[in-house]
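Novice: Following this message is one structure expressed as structure tokens.
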Amino acid sequence: MSELISDIATGVWTPVLFLIILGGLFFLYYSRLIHYRYFMHSISVLRGKYHDRNDPGQISPYEALSTALASTVGMGNIAGVAAAISLGGPGALFWMWVTAFVGMSTNFFTSTVSVMFRGKDSSGEIQGGPMYVLREKISKLDVQFSWWWPWPWLVIRGWKPLAVLFCVCCMVGCLPIFQANQLTQAIIDIGVTSVEAKAWTFTLIGFELNTMKFIIGFMLTIISAIVIIGGIQRIGSWAGKMVPLMIVLYFLSVVTILIIHIEDVPRYLGMIFTDAFAAENYRGSPALGGLLGGLIVAGVRRASFSNEAGIGTAPLALAASQSKEPIREGLVSMMSPAIDTLVVCSLTALAILVTGAWKSDANGVTLTAVAFESSLGDIGKYLLLLCAFFFAITSLFSYSYYGSKALSFLVGVKASRYYDYFYLSTIIIGAVSSMADVINVIDIAYALMAVPTMLSGLVLAPKVMEEAKGYFERMKGKL
């Protein structure tokens, strides 16, 4: 069964890889880099310079980005990167960088359209995201709207199936099973010293479960429930407080490791570029015609898993921002892949590389723990455990919002609260499951979520550029 799930994940991701990368490159070219030129302006927006609490939306731009980062800057940055380096070696990080840089443009376009074409849910509350873009704008476009290719006709006519596809896959892809799985593993690897306690098991409805994993999963469920039941305002508030703390703590820990191994840093920085095209350390199966193709697929999958550019979760979060200017939220959203992959993922990868831990047989969070412990001793282990706790907990809080919004779009707001209960129940399932199965299930869901997100963004790209030109004209003299 595990092998079947893995094969499906690889098969689904191969065509979606082209959609994400080529679509992102198109956004990059079509935008003429206009959003990169206003990077400092995006920081001003993030700091609240233009924030008006009377604007439509539920949370501030800072809280919206924090919510997006709380889901992206999670266990994917510790365990997902470790999985990429374990499989692909140093070269995998290069393709993660490429995906992140391109993903900044993707986030700008997809998040902008999510704010431009927000709609109302069954309770009359303003909402946004790829499914609302499909309903509010794509479905109403004239079929003559084929500005560069006839294929937009197919998107317009198929908006309902695409919206349903996004919502169903969002409810699966945003389950907390990976975060619960890897945080539980980190707690057991680092915090539980008794070999006997780690081996305790019990039987439940015919399944033999690890006792410690079940207990940890149950406790995580209680902690998450306290915040999740409070809704997006409470999630945004928690994320706004915890995200900066966890990133700073992790940054200082990894920088210390890099200073200890400073003589190895230049060599591995060089290997990131040379191995990206040689694929000498790739351990996986060939793809796209060879080992290099397999390495590229691995790098793109892990980067997309981590920063979620093109997947559609960032547009869901940014669409909740209090704003009348969609371009501002697009500018804020493009910072998510930069912070997540170019900064946090790079730190993790370099720590694993310079310590030599990547040559071991460990994987996931265990591999990152080996890197921390080899340089910082026992203190390193517990620092990683603390960071992993913050990373996973903030992700657990944020992902529930995405899934509940997807369900409310399909069946109404009143029924969406049941998703929170289903979501919380899967934390224990994730805690006791294998990492391989968990990560492949999420990969499949993410790949399918990317299809409606990218297609709607590509069809509406001219609308984004028209809005961007108007916005920057209005802002002249204020920037």
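Chain labels follow the order of the structure tokens: the first chain is A, the next B, and so on; residue numbering restarts at 1 in every chain, and ligands are counted from 1 in their shown order.
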Name the residues in contact with A:Leu4 at a cut-off of 12 Å, using only C-alpha atoms, excluding same-chain residues fewer than 6 positions from it; report them as a list in words.

Specialist: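 Once the nearby chain positions are removed, what remains is Thr10, Gly11, Ala436, Asp437, Asn440, Val441 and Ile444 of chain A.
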
Novice: Could you pull the residues within 12 Å of A:Met116, counting only C-alpha atoms, minus those fewer than 4 positions along the same chain, as a PyMOL selection string?

Specialist: chain A and resi 56+109-112+126-130+132-134+136-137+315+318-321+323-330+457+460-461+463-468

Novice: Write the residues you've just listed into a file as a CSV table (one decimal), in the first residue's frame, and include N, CA and C atoms for each of them.

Specialist:
chain,number,residue,atom,x,y,z
A,56,PRO,N,-12.6,45.8,4.5
A,56,PRO,CA,-13.2,44.5,4.6
A,56,PRO,C,-12.1,43.4,4.8
A,109,PHE,N,0.7,36.9,-7.8
A,109,PHE,CA,-0.5,36.8,-8.7
A,109,PHE,C,-1.6,36.1,-8.0
A,110,THR,N,-1.4,34.9,-7.5
A,110,THR,CA,-2.5,34.1,-6.9
A,110,THR,C,-3.2,34.8,-5.7
A,111,SER,N,-2.4,35.4,-4.9
A,111,SER,CA,-2.9,36.1,-3.7
A,111,SER,C,-3.6,37.4,-4.1
A,112,THR,N,-3.1,38.1,-5.1
A,112,THR,CA,-3.8,39.3,-5.5
A,112,THR,C,-5.2,39.0,-6.1
A,126,ILE,N,-17.2,38.1,4.2
A,126,ILE,CA,-16.3,38.1,3.0
A,126,ILE,C,-15.2,37.1,3.2
A,127,GLN,N,-15.1,36.3,2.1
A,127,GLN,CA,-14.0,35.3,2.1
A,127,GLN,C,-13.3,35.3,0.8
A,128,GLY,N,-12.2,34.6,0.7
A,128,GLY,CA,-11.4,34.6,-0.5
A,128,GLY,C,-10.6,33.3,-0.6
A,129,GLY,N,-10.0,33.1,-1.8
A,129,GLY,CA,-9.2,31.9,-2.0
A,129,GLY,C,-9.5,31.4,-3.5
A,130,PRO,N,-8.8,30.4,-4.0
A,130,PRO,CA,-9.0,30.0,-5.3
A,130,PRO,C,-10.4,29.6,-5.7
A,132,TYR,N,-13.2,30.8,-4.5
A,132,TYR,CA,-14.0,32.0,-4.7
A,132,TYR,C,-13.6,32.8,-6.0
A,133,VAL,N,-12.3,32.7,-6.3
A,133,VAL,CA,-11.9,33.3,-7.6
A,133,VAL,C,-12.6,32.6,-8.8
A,134,LEU,N,-12.7,31.3,-8.7
A,134,LEU,CA,-13.3,30.5,-9.7
A,134,LEU,C,-14.8,30.8,-9.8
A,136,GLU,N,-16.5,33.7,-8.4
A,136,GLU,CA,-16.8,35.1,-8.5
A,136,GLU,C,-16.4,35.7,-9.8
A,137,LYS,N,-15.3,35.2,-10.4
A,137,LYS,CA,-14.8,35.8,-11.6
A,137,LYS,C,-14.7,34.9,-12.8
A,315,PRO,N,-3.1,32.3,-0.6
A,315,PRO,CA,-4.2,33.1,-1.0
A,315,PRO,C,-5.4,33.0,0.0
A,318,LEU,N,-4.2,35.3,3.0
A,318,LEU,CA,-4.1,36.7,2.7
A,318,LEU,C,-5.5,37.3,2.3
A,319,ALA,N,-6.4,36.4,1.8
A,319,ALA,CA,-7.8,36.9,1.5
A,319,ALA,C,-8.5,37.4,2.7
A,320,ALA,N,-8.1,36.9,3.9
A,320,ALA,CA,-8.7,37.3,5.2
A,320,ALA,C,-8.2,38.7,5.7
A,321,SER,N,-7.2,39.2,5.0
A,321,SER,CA,-6.6,40.5,5.4
A,321,SER,C,-7.5,41.6,5.2
A,323,SER,N,-8.2,44.8,3.9
A,323,SER,CA,-7.6,45.6,2.8
A,323,SER,C,-8.6,45.9,1.7
A,324,LYS,N,-8.4,47.1,1.1
A,324,LYS,CA,-9.2,47.4,-0.1
A,324,LYS,C,-8.2,47.4,-1.3
A,325,GLU,N,-6.9,47.1,-1.1
A,325,GLU,CA,-5.9,47.2,-2.1
A,325,GLU,C,-5.4,45.8,-2.3
A,326,PRO,N,-5.8,45.0,-3.3
A,326,PRO,CA,-5.4,43.6,-3.5
A,326,PRO,C,-3.9,43.5,-3.8
A,327,ILE,N,-3.3,44.5,-4.4
A,327,ILE,CA,-1.8,44.5,-4.7
A,327,ILE,C,-1.0,44.4,-3.5
A,328,ARG,N,-1.5,45.1,-2.4
A,328,ARG,CA,-0.7,45.1,-1.2
A,328,ARG,C,-0.6,43.7,-0.6
A,329,GLU,N,-1.7,43.0,-0.7
A,329,GLU,CA,-1.7,41.6,-0.1
A,329,GLU,C,-0.9,40.7,-1.0
A,330,GLY,N,-0.9,41.0,-2.3
A,330,GLY,CA,0.0,40.2,-3.2
A,330,GLY,C,1.5,40.4,-2.9
A,457,GLY,N,-5.0,31.7,-11.7
A,457,GLY,CA,-4.0,32.8,-11.7
A,457,GLY,C,-3.5,33.2,-13.1
A,460,LEU,N,-6.2,35.0,-15.1
A,460,LEU,CA,-6.5,36.4,-14.7
A,460,LEU,C,-5.2,37.2,-14.5
A,461,ALA,N,-4.1,36.8,-15.0
A,461,ALA,CA,-2.9,37.5,-15.0
A,461,ALA,C,-3.0,38.9,-15.5
A,463,LYS,N,-5.6,40.9,-15.5
A,463,LYS,CA,-6.3,41.7,-14.5
A,463,LYS,C,-5.4,42.1,-13.4
A,464,VAL,N,-4.4,41.2,-13.0
A,464,VAL,CA,-3.5,41.6,-11.9
A,464,VAL,C,-2.6,42.7,-12.3
A,465,MET,N,-2.1,42.6,-13.6
A,465,MET,CA,-1.1,43.6,-14.0
A,465,MET,C,-1.9,45.0,-14.2
A,466,GLU,N,-3.1,44.9,-14.7
A,466,GLU,CA,-3.9,46.2,-14.8
A,466,GLU,C,-4.1,46.8,-13.4
A,467,GLU,N,-4.4,46.0,-12.4
A,467,GLU,CA,-4.5,46.5,-11.0
A,467,GLU,C,-3.2,47.0,-10.5
A,468,ALA,N,-2.1,46.3,-10.8
A,468,ALA,CA,-0.8,46.7,-10.3
A,468,ALA,C,-0.4,48.1,-10.8

Novice: Skipping near chain neighbours, those fewer than 3 positions away, what residues fall within 7 Å of stretch 92-96 of chain A using only C-alpha atoms, listed as a short mmCIF file (atom, residue, chain, number, x, y, z; two decimals) with N, CA and C atoms, in the first residue's frame?

Specialist:
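Saved the output as result.cif:
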data_model
loop_
_atom_site.label_atom_id
_atom_site.label_comp_id
_atom_site.auth_asym_id
_atom_site.auth_seq_id
_atom_site.Cartn_x
_atom_site.Cartn_y
_atom_site.Cartn_z
N ALA A 84 14.49 16.03 1.72
CA ALA A 84 15.02 16.42 0.41
C ALA A 84 16.52 16.20 0.34
N ILE A 85 17.26 16.60 1.37
CA ILE A 85 18.71 16.45 1.38
C ILE A 85 19.09 14.98 1.48
N GLY A 88 18.21 13.72 -2.14
CA GLY A 88 18.86 14.35 -3.29
C GLY A 88 20.24 14.91 -3.06
N GLY A 89 20.69 14.97 -1.81
CA GLY A 89 22.00 15.55 -1.55
C GLY A 89 21.98 17.07 -1.65
N THR A 99 12.53 27.05 -7.07
CA THR A 99 11.09 26.98 -6.86
C THR A 99 10.61 28.14 -5.99
N ALA A 100 11.38 28.50 -4.98
CA ALA A 100 10.98 29.59 -4.08
C ALA A 100 11.04 30.94 -4.79
N ILE A 272 26.18 22.84 -3.65
CA ILE A 272 24.76 23.04 -3.91
C ILE A 272 24.53 23.33 -5.40
N PHE A 273 25.45 24.10 -6.00
CA PHE A 273 25.31 24.47 -7.41
C PHE A 273 25.82 23.37 -8.34
N ALA A 276 23.60 20.22 -8.29
CA ALA A 276 22.26 20.45 -8.81
C ALA A 276 22.12 19.94 -10.24
N LEU A 295 16.02 14.39 -9.37
CA LEU A 295 16.49 15.38 -8.41
C LEU A 295 15.65 16.65 -8.48
N ILE A 296 15.33 17.09 -9.70
CA ILE A 296 14.52 18.30 -9.86
C ILE A 296 13.13 18.09 -9.27
N ALA A 298 12.29 16.02 -6.92
CA ALA A 298 12.42 15.97 -5.46
C ALA A 298 12.53 17.37 -4.87
N GLY A 299 13.37 18.22 -5.48
CA GLY A 299 13.55 19.58 -4.97
C GLY A 299 12.27 20.40 -5.06
N VAL A 300 11.58 20.30 -6.20
CA VAL A 300 10.34 21.06 -6.37
C VAL A 300 9.25 20.57 -5.42
N ALA A 303 10.11 21.78 -1.89
CA ALA A 303 9.94 23.23 -1.76
C ALA A 303 8.47 23.60 -1.76
#

Novice: Using only C-alpha atoms, pick whichever of A:Thr355, A:Asn77, A:Ser123, A:Ser114 has the shortest atom-to-atom distance to A:Gly412.

Specialist: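 Ranked by minimum distance to A:Gly412, first place goes to A:Ser123.
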
Novice: At a cut-off of 12 Å, using only C-alpha atoms, what residues contact A:Tyr38? Leave out same-chain residues fewer than 6 positions from it and give the result as a ChimeraX atom specification.

Specialist: /A:44-45,108,327-328,330-332,334-335,468,471-472,475-476,479

Novice: Write out as a PyMOL selection string all residues of stretch 155-345 of chain A that DSSP puts in alpha helix (DSSP H) for this structure's backbone.

Specialist: chain A and resi 155-157+159-173+177-186+195-199+211-228+232-260+265-278+291-307+313-318+326-333+335-337

Novice: May I ask which of the residues A:Thr201, A:Ser2, A:Asn181, A:Thr14 is the closest one to A:Val365, counting only C-alpha atoms?

Specialist: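 For A:Val365, the nearest of the candidates is A:Asn181.
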
Novice: Would you please work out which residue, of A:Val248, A:Ala186, A:Ile257, A:Leu353, is nearest to A:Gly377 when using only C-alpha atoms?

Specialist: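 Smallest separation from A:Gly377 among the options: A:Ile257.
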
Novice: Please compute the atom CA of A:Pro176-atom CA of A:Leu396 distance, one decimal, in Å.

Specialist: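 Separation between atom CA of A:Pro176 and atom CA of A:Leu396: 5.7 Å.
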
Novice: Considering only C-alpha atoms, state which residue in the set A:Ala225, A:Pro161, A:Leu448, A:Thr106 is at the smallest distance from A:Ser31.

Specialist: A:Thr106

Novice: For A:Gly403, which residue out of A:Ser416, A:Ser6, A:Thr184, A:Ser360 is the nearest one, using only C-alpha atoms?

Specialist: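 Checking each of A:Ser416, A:Ser6, A:Thr184, A:Ser360 against A:Gly403, counting only C-alpha atoms, the winner is A:Ser416.
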
Novice: With only C-alpha atoms as the basis for distance, which of A:Cys170, A:Met219, A:Leu383, A:Met449 is at the shortest distance from A:Tyr419?

Specialist: A:Cys170
